[in-house]
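K.L.:
One file is attached below, protein_39.tsv, containing TSV, C-alpha atoms.
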```tsv
chain	number	residue	atom	x	y	z
A	81	MET	CA	0.00	0.00	0.00
A	82	ALA	CA	1.24	3.50	-0.81
A	83	GLU	CA	2.67	5.42	2.15
A	84	GLU	CA	0.21	8.29	1.76
A	85	CYS	CA	-2.92	6.27	1.09
A	86	SER	CA	-6.18	8.25	1.00
A	87	HIS	CA	-8.23	5.02	1.23
A	88	ASP	CA	-10.18	6.20	-1.81
A	89	CYS	CA	-9.84	3.05	-3.91
A	90	GLY	CA	-12.00	4.45	-6.70
A	91	SER	CA	-9.30	6.95	-7.68
A	92	CYS	CA	-6.31	4.70	-7.03
A	93	ASN	CA	-4.29	2.64	-9.50
A	94	GLN	CA	-2.09	0.91	-6.94
A	95	ASP	CA	-2.10	-2.90	-6.76
A	96	CYS	CA	-2.84	-2.97	-3.04
A	97	SER	CA	-3.70	-5.96	-0.86
A	98	GLN	CA	-6.13	-3.76	1.08
A	99	ARG	CA	-7.93	-2.59	-2.05
A	100	ASP	CA	-11.71	-2.99	-1.72
A	101	MET	CA	-13.70	-2.78	-4.96
A	102	HIS	CA	-17.08	-3.36	-3.29
A	103	LYS	CA	-19.75	-0.76	-3.96
A	104	LYS	CA	-21.30	0.93	-0.96
A	105	PRO	CA	-25.05	0.35	-0.53
A	106	HIS	CA	-27.46	3.23	-0.16
A	107	GLU	CA	-26.52	5.35	2.85
A	108	LEU	CA	-29.84	4.51	4.53
A	109	SER	CA	-29.43	0.75	3.99
A	110	ASN	CA	-28.25	-1.69	6.63
A	111	ILE	CA	-27.37	-5.14	5.27
A	112	LYS	CA	-25.53	-7.69	7.39
A	113	HIS	CA	-25.10	-10.75	5.15
A	114	VAL	CA	-25.33	-11.22	1.37
A	115	ILE	CA	-25.67	-14.69	-0.18
A	116	GLY	CA	-25.60	-15.29	-3.95
A	117	ILE	CA	-27.70	-18.08	-5.44
A	118	VAL	CA	-26.05	-19.19	-8.69
A	119	SER	CA	-26.29	-21.79	-11.42
A	120	GLY	CA	-24.26	-22.65	-14.47
A	121	LYS	CA	-27.37	-22.76	-16.67
A	122	GLY	CA	-31.01	-21.77	-16.54
A	123	GLY	CA	-34.00	-23.91	-15.65
A	124	VAL	CA	-32.53	-25.75	-12.67
A	125	GLY	CA	-34.57	-24.05	-9.94
A	126	LYS	CA	-32.31	-21.19	-8.88
A	127	SER	CA	-35.16	-18.73	-8.29
A	128	MET	CA	-37.19	-21.36	-6.44
A	129	THR	CA	-34.19	-22.02	-4.18
A	130	THR	CA	-33.78	-18.28	-3.57
A	131	ALA	CA	-37.44	-17.95	-2.63
A	132	MET	CA	-37.41	-20.98	-0.33
A	133	LEU	CA	-34.26	-19.88	1.51
A	134	SER	CA	-35.67	-16.40	2.05
A	135	VAL	CA	-38.91	-17.84	3.43
A	136	ILE	CA	-36.98	-20.14	5.78
A	137	ALA	CA	-34.86	-17.21	7.01
A	138	ARG	CA	-38.00	-15.18	7.64
A	139	ARG	CA	-39.60	-18.09	9.49
A	140	ASN	CA	-36.54	-18.12	11.72
A	141	GLY	CA	-37.28	-14.54	12.74
A	142	LEU	CA	-34.66	-12.87	10.52
A	143	ASN	CA	-35.17	-9.71	8.50
A	144	THR	CA	-34.83	-10.94	4.95
A	145	ALA	CA	-34.51	-9.46	1.46
A	146	ILE	CA	-34.25	-10.68	-2.12
A	147	MET	CA	-32.41	-8.86	-4.87
A	148	ASP	CA	-33.63	-10.37	-8.15
A	149	ALA	CA	-30.56	-9.89	-10.31
A	150	ASP	CA	-31.99	-11.99	-13.16
A	151	VAL	CA	-33.09	-8.82	-14.96
A	152	THR	CA	-34.16	-10.42	-18.24
A	153	GLY	CA	-35.97	-13.34	-16.60
A	154	PRO	CA	-37.37	-12.11	-13.28
A	155	SER	CA	-39.67	-14.62	-11.54
A	156	ILE	CA	-39.41	-13.75	-7.85
A	157	PRO	CA	-42.42	-11.34	-7.73
A	158	LYS	CA	-44.65	-13.98	-9.35
A	159	MET	CA	-43.74	-16.57	-6.70
A	160	PHE	CA	-44.63	-14.14	-3.92
A	161	GLY	CA	-47.85	-12.94	-5.56
A	162	ILE	CA	-46.53	-9.38	-5.85
A	163	THR	CA	-48.36	-7.16	-8.35
A	164	GLU	CA	-47.69	-3.69	-6.93
A	165	LYS	CA	-44.86	-1.57	-8.23
A	166	ALA	CA	-41.90	-0.13	-6.33
A	167	LEU	CA	-42.13	3.44	-5.11
A	168	GLY	CA	-39.37	5.97	-4.75
A	169	SER	CA	-38.41	9.56	-4.08
A	170	ASP	CA	-35.37	11.79	-4.35
A	171	MET	CA	-33.85	9.76	-1.52
A	172	GLY	CA	-34.03	6.40	-3.29
A	173	ILE	CA	-36.18	3.44	-4.32
A	174	LEU	CA	-38.18	1.47	-1.78
A	175	PRO	CA	-38.36	-2.33	-2.15
A	176	VAL	CA	-41.73	-4.03	-2.32
A	177	MET	CA	-42.73	-5.97	0.78
A	178	SER	CA	-44.07	-9.54	0.63
A	179	LYS	CA	-46.97	-10.74	2.77
A	180	THR	CA	-44.65	-11.94	5.54
A	181	GLY	CA	-42.32	-8.95	5.37
A	182	ILE	CA	-39.59	-10.00	2.92
A	183	GLU	CA	-38.15	-7.00	1.05
A	184	ILE	CA	-37.99	-7.59	-2.71
A	185	MET	CA	-36.48	-5.66	-5.60
A	186	SER	CA	-36.91	-7.00	-9.12
A	187	MET	CA	-37.15	-5.64	-12.63
A	188	ASN	CA	-40.79	-6.70	-12.70
A	189	VAL	CA	-41.71	-4.29	-9.89
A	190	LEU	CA	-40.37	-1.45	-12.04
A	191	LEU	CA	-41.90	-2.33	-15.43
A	192	GLU	CA	-45.42	-1.17	-16.27
A	193	GLU	CA	-46.26	-4.63	-17.65
A	194	ASP	CA	-44.85	-7.87	-16.28
A	195	THR	CA	-44.63	-9.37	-19.77
A	196	GLU	CA	-42.65	-6.44	-21.21
A	197	PRO	CA	-39.27	-7.79	-22.39
A	198	VAL	CA	-36.00	-6.28	-21.24
A	199	ILE	CA	-33.91	-6.05	-24.42
A	200	TRP	CA	-30.65	-4.71	-23.07
A	201	ARG	CA	-26.99	-5.51	-23.57
A	202	GLY	CA	-24.88	-6.97	-20.77
A	203	PRO	CA	-23.25	-3.78	-19.43
A	204	VAL	CA	-26.64	-2.05	-19.09
A	205	ILE	CA	-28.08	-5.06	-17.23
A	206	ALA	CA	-25.06	-5.18	-14.94
A	207	GLY	CA	-25.44	-1.46	-14.21
A	208	THR	CA	-29.10	-1.95	-13.32
A	209	VAL	CA	-28.25	-4.71	-10.87
A	210	LEU	CA	-25.69	-2.49	-9.18
A	211	GLN	CA	-28.36	0.21	-8.88
A	212	PHE	CA	-30.50	-2.33	-7.00
A	213	TRP	CA	-27.66	-2.28	-4.46
A	214	THR	CA	-26.75	1.41	-4.43
A	215	ASP	CA	-30.09	3.15	-5.08
A	216	VAL	CA	-32.55	0.97	-3.18
A	217	ILE	CA	-33.15	1.74	0.49
A	218	TRP	CA	-32.92	-1.66	2.16
A	219	ASN	CA	-33.95	-1.61	5.80
A	220	ASP	CA	-32.35	-3.56	8.65
A	221	VAL	CA	-31.60	-6.73	6.64
A	222	ASP	CA	-30.08	-9.77	8.35
A	223	PHE	CA	-29.87	-11.85	5.16
A	224	MET	CA	-30.09	-10.72	1.55
A	225	PHE	CA	-30.35	-13.44	-1.09
A	226	VAL	CA	-29.27	-12.44	-4.60
A	227	ASP	CA	-30.99	-14.43	-7.34
A	228	MET	CA	-28.26	-14.25	-9.96
A	229	PRO	CA	-28.67	-14.86	-13.71
A	230	PRO	CA	-27.31	-18.19	-14.94
A	231	GLY	CA	-23.84	-18.57	-16.38
A	232	THR	CA	-20.54	-16.80	-15.85
A	233	GLY	CA	-21.04	-13.59	-17.86
A	234	ASP	CA	-21.16	-9.85	-17.21
A	235	VAL	CA	-23.73	-9.75	-14.42
A	236	PRO	CA	-22.34	-12.54	-12.21
A	237	LEU	CA	-18.86	-11.07	-12.64
A	238	SER	CA	-20.10	-7.59	-11.66
A	239	ILE	CA	-21.86	-8.98	-8.59
A	240	TYR	CA	-18.80	-10.94	-7.49
A	241	GLN	CA	-16.63	-7.85	-7.81
A	242	SER	CA	-19.03	-5.21	-6.48
A	243	LEU	CA	-21.14	-6.77	-3.72
A	244	PRO	CA	-19.72	-7.97	-0.36
A	245	LEU	CA	-20.83	-11.57	-0.80
A	246	ASP	CA	-20.42	-13.79	2.24
A	247	GLY	CA	-20.61	-16.74	-0.14
A	248	ILE	CA	-22.70	-18.48	-2.78
A	249	ILE	CA	-24.99	-21.48	-3.01
A	250	ILE	CA	-24.87	-23.42	-6.29
A	251	VAL	CA	-28.08	-24.94	-7.66
A	252	SER	CA	-27.99	-27.96	-9.95
A	253	THR	CA	-29.92	-31.01	-11.13
A	254	PRO	CA	-28.56	-34.58	-11.30
A	255	GLN	CA	-27.86	-34.83	-15.05
A	256	GLU	CA	-24.28	-35.30	-16.18
A	257	LEU	CA	-24.39	-32.23	-18.45
A	258	VAL	CA	-25.64	-29.97	-15.67
A	259	SER	CA	-23.04	-31.35	-13.27
A	260	MET	CA	-20.34	-30.35	-15.73
A	261	ILE	CA	-21.76	-26.82	-15.90
A	262	VAL	CA	-21.88	-26.70	-12.08
A	263	GLN	CA	-18.14	-27.18	-12.10
A	264	LYS	CA	-17.80	-24.08	-14.29
A	265	ALA	CA	-19.75	-22.05	-11.72
A	266	ALA	CA	-17.67	-23.50	-8.91
A	267	HIS	CA	-14.39	-22.75	-10.69
A	268	MET	CA	-15.53	-19.14	-11.28
A	269	ALA	CA	-16.29	-18.72	-7.57
A	270	GLU	CA	-12.85	-20.09	-6.70
A	271	LYS	CA	-11.14	-17.70	-9.12
A	272	MET	CA	-13.07	-14.79	-7.57
A	273	ASN	CA	-12.22	-15.98	-4.06
A	274	ILE	CA	-15.90	-16.35	-3.11
A	275	PRO	CA	-16.72	-19.15	-0.62
A	276	ILE	CA	-19.11	-21.87	-1.81
A	277	LEU	CA	-21.43	-22.40	1.14
A	278	GLY	CA	-23.54	-25.22	-0.24
A	279	ILE	CA	-24.97	-27.15	-3.16
A	280	VAL	CA	-28.68	-27.65	-3.80
A	281	GLU	CA	-29.60	-30.53	-6.09
A	282	ASN	CA	-33.06	-29.68	-7.36
A	283	MET	CA	-35.45	-32.23	-8.95
A	284	SER	CA	-33.24	-34.77	-7.24
A	285	TYR	CA	-35.87	-37.49	-6.96
A	286	ALA	CA	-39.59	-38.21	-6.87
A	287	VAL	CA	-41.44	-39.92	-4.04
A	288	CYS	CA	-43.79	-42.76	-4.97
A	289	PRO	CA	-47.27	-41.84	-3.64
A	290	ASP	CA	-48.04	-45.51	-2.92
A	291	CYS	CA	-44.94	-46.93	-1.23
A	292	GLY	CA	-42.97	-43.77	-0.38
A	293	SER	CA	-39.77	-44.95	-2.07
A	294	LYS	CA	-37.48	-42.45	-3.79
A	295	ILE	CA	-37.21	-42.63	-7.56
A	296	GLU	CA	-34.17	-40.91	-9.11
A	297	LEU	CA	-35.65	-39.86	-12.45
A	298	PHE	CA	-32.45	-38.30	-13.77
A	299	GLY	CA	-30.17	-41.04	-12.53
A	300	LYS	CA	-28.01	-41.32	-9.45
A	301	SER	CA	-27.38	-38.12	-7.50
A	302	ARG	CA	-23.96	-36.51	-7.98
A	303	ALA	CA	-24.39	-33.80	-5.34
A	304	GLU	CA	-22.21	-35.48	-2.73
A	305	GLU	CA	-19.53	-36.23	-5.31
A	306	LEU	CA	-19.38	-32.61	-6.46
A	307	ALA	CA	-19.41	-31.36	-2.88
A	308	GLN	CA	-16.45	-33.58	-2.02
A	309	GLN	CA	-14.59	-32.45	-5.15
A	310	PHE	CA	-14.82	-28.78	-4.15
A	311	GLY	CA	-14.63	-29.25	-0.39
A	312	ILE	CA	-18.23	-28.12	0.20
A	313	ALA	CA	-19.71	-29.24	3.50
A	314	ASN	CA	-23.41	-28.55	2.95
A	315	VAL	CA	-25.61	-30.44	0.49
A	316	ALA	CA	-29.39	-30.40	0.13
A	317	ARG	CA	-31.57	-32.47	-2.20
A	318	VAL	CA	-34.98	-31.13	-3.21
A	319	PRO	CA	-37.45	-33.58	-4.81
A	320	PHE	CA	-40.15	-33.08	-7.41
A	321	ASP	CA	-42.92	-31.67	-5.23
A	322	PRO	CA	-46.19	-30.72	-6.99
A	323	GLU	CA	-47.37	-28.81	-3.91
A	324	LEU	CA	-44.23	-26.67	-3.89
A	325	THR	CA	-44.69	-25.86	-7.57
A	326	ASN	CA	-48.36	-25.12	-6.98
A	327	CYS	CA	-47.50	-22.64	-4.22
A	328	ALA	CA	-45.04	-20.84	-6.48
A	329	ASP	CA	-47.45	-20.71	-9.44
A	330	ARG	CA	-50.20	-19.25	-7.23
A	331	GLY	CA	-47.92	-16.63	-5.67
A	332	LEU	CA	-48.05	-18.39	-2.31
A	333	ILE	CA	-44.46	-19.56	-1.92
A	334	GLU	CA	-44.50	-18.29	1.67
A	335	LEU	CA	-46.95	-21.11	2.50
A	336	PHE	CA	-44.79	-23.96	1.23
A	337	GLU	CA	-44.33	-27.00	3.47
A	338	GLY	CA	-41.31	-29.24	3.63
A	339	GLU	CA	-37.93	-29.01	5.33
A	340	TYR	CA	-35.78	-29.61	2.27
A	341	LEU	CA	-33.50	-26.59	2.81
A	342	ASP	CA	-33.83	-25.96	6.55
A	343	LYS	CA	-30.59	-27.69	7.56
A	344	LEU	CA	-28.72	-26.03	4.70
A	345	PHE	CA	-29.87	-22.58	5.77
A	346	LEU	CA	-28.93	-23.16	9.42
A	347	ALA	CA	-25.46	-24.34	8.31
A	348	VAL	CA	-25.04	-21.28	6.08
A	349	GLU	CA	-26.19	-18.98	8.89
A	350	GLU	CA	-23.64	-20.50	11.23
A	351	ALA	CA	-20.87	-20.30	8.61
A	352	VAL	CA	-21.32	-16.60	7.88
A	353	LYS	CA	-21.55	-15.74	11.57
A	354	ASP	CA	-18.30	-17.60	12.22
A	355	LYS	CA	-16.69	-15.76	9.30
A	356	LYS	CA	-17.75	-12.37	10.68
A	357	GLN	CA	-16.48	-13.18	14.17
A	358	ALA	CA	-13.15	-14.33	12.74
```
Show me, as structure tokens, the structure contained in the file I just sent.
P.N.:
Amino acid sequence: MAEECSHDCGSCNQDCSQRDMHKKPHELSNIKHVIGIVSGKGGVGKSMTTAMLSVIARRNGLNTAIMDADVTGPSIPKMFGITEKALGSDMGILPVMSKTGIEIMSMNVLLEEDTEPVIWRGPVIAGTVLQFWTDVIWNDVDFMFVDMPPGTGDVPLSIYQSLPLDGIIIVSTPQELVSMIVQKAAHMAEKMNIPILGIVENMSYAVCPDCGSKIELFGKSRAEELAQQFGIANVARVPFDPELTNCADRGLIELFEGEYLDKLFLAVEEAVKDKKQA
């Protein structure tokens, strides 16, 4: 570090070990922990995982928020039955509140019509996501879950570099192809020095309604194998659950039943608290 450091990293070109490129949130925001929910490809249940984890956190008495960073494919408001639009003033934008008090910011609470497409290039999308962080007035948030767009492009890179992520959770399904793409997401996190806090294997199995046995429709689970490969301690398997899907489709995700992700969330909560204390 330079001898006469001003600690203004934005105007500094020094290669400094204490350099912090994270963007500051809105001055009225208070956010304790930020967890990214990522996937190597779309359609694996990343948004569903984000919604479920936020509901579990709220059920545990924590102030919870969701930043829907999937700007071109936002689905979080639909799952929570949110139809109202975000309000704002000269001070900033206010997130929309779910029925149980989860703060939510998504592109679909800013558009006049939910079906209006967002036809933007990558840098514009990335800039919008950063505005969700800097221009939105988040209240006293214990856990913010960031529903990230799939892949390893502009937006995930911007989030990794600009937001103070405590870690990420990778969402996958059992197929061999998807498992290979999971490894890409995991390698990106490693290169960015972001801890991988857990793996969620979605659509992992179905439960026979007659005998209760588990049927692995996509073949044998690879979640444990991938977790061992990357030294990840926490693994959760979520089955095909028609009731869970029904809740999401009806905008009632906050009523879902099932403890598929409870242990994972408690482990993540403990991990980030330990990290902060260290």
K.L.:
Tell me, in Å to one decimal, how far CA of Ile248 in chain A is from CA of His102 in chain A.
P.N.:
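Those two atoms sit 16.1 Å apart.
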K.L.:
Give me the residues within 7 Å of Ile146 in chain A as a ChimeraX atom specification, counting only C-alpha atoms and dropping any in the same chain fewer than 2 places off.
P.N.:
/A:148,183-185,224-226
K.L.:
Taking only C-alpha atoms into account, which of A:Glu256, A:Glu304, A:Asp227, A:Glu192 comes nearest Ser127 in chain A?
P.N.:
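Closest residue, counting only C-alpha atoms: A:Asp227.
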K.L.:
Using Å and a single decimal, report how far CA of Pro322 in chain A sits from CA of Ile276 in chain A.
P.N.:
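Between these atoms lies a distance of 29.0 Å.
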K.L.:
When distances are computed from all atoms listed in the file, which of A:Phe336, A:Ser238, A:Ala347, A:Gly247 shows the smallest separation from Lys103 in chain A?
P.N.:
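Counting all atoms listed in the file, the residue closest to Lys103 in chain A is A:Ser238.
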K.L.:
Hey, which of A:Pro175, A:Gly141, A:Pro197, A:Gly202 ends up closest to Ile217 in chain A? Count all atoms listed in the file.
P.N.:
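Closest residue, counting all atoms listed in the file: A:Pro175.
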K.L.:
Could you check how far CA of Met147 in chain A sits from CA of Asp220 in chain A, in Å to one decimal?
P.N.:
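It comes out at 14.5 Å.
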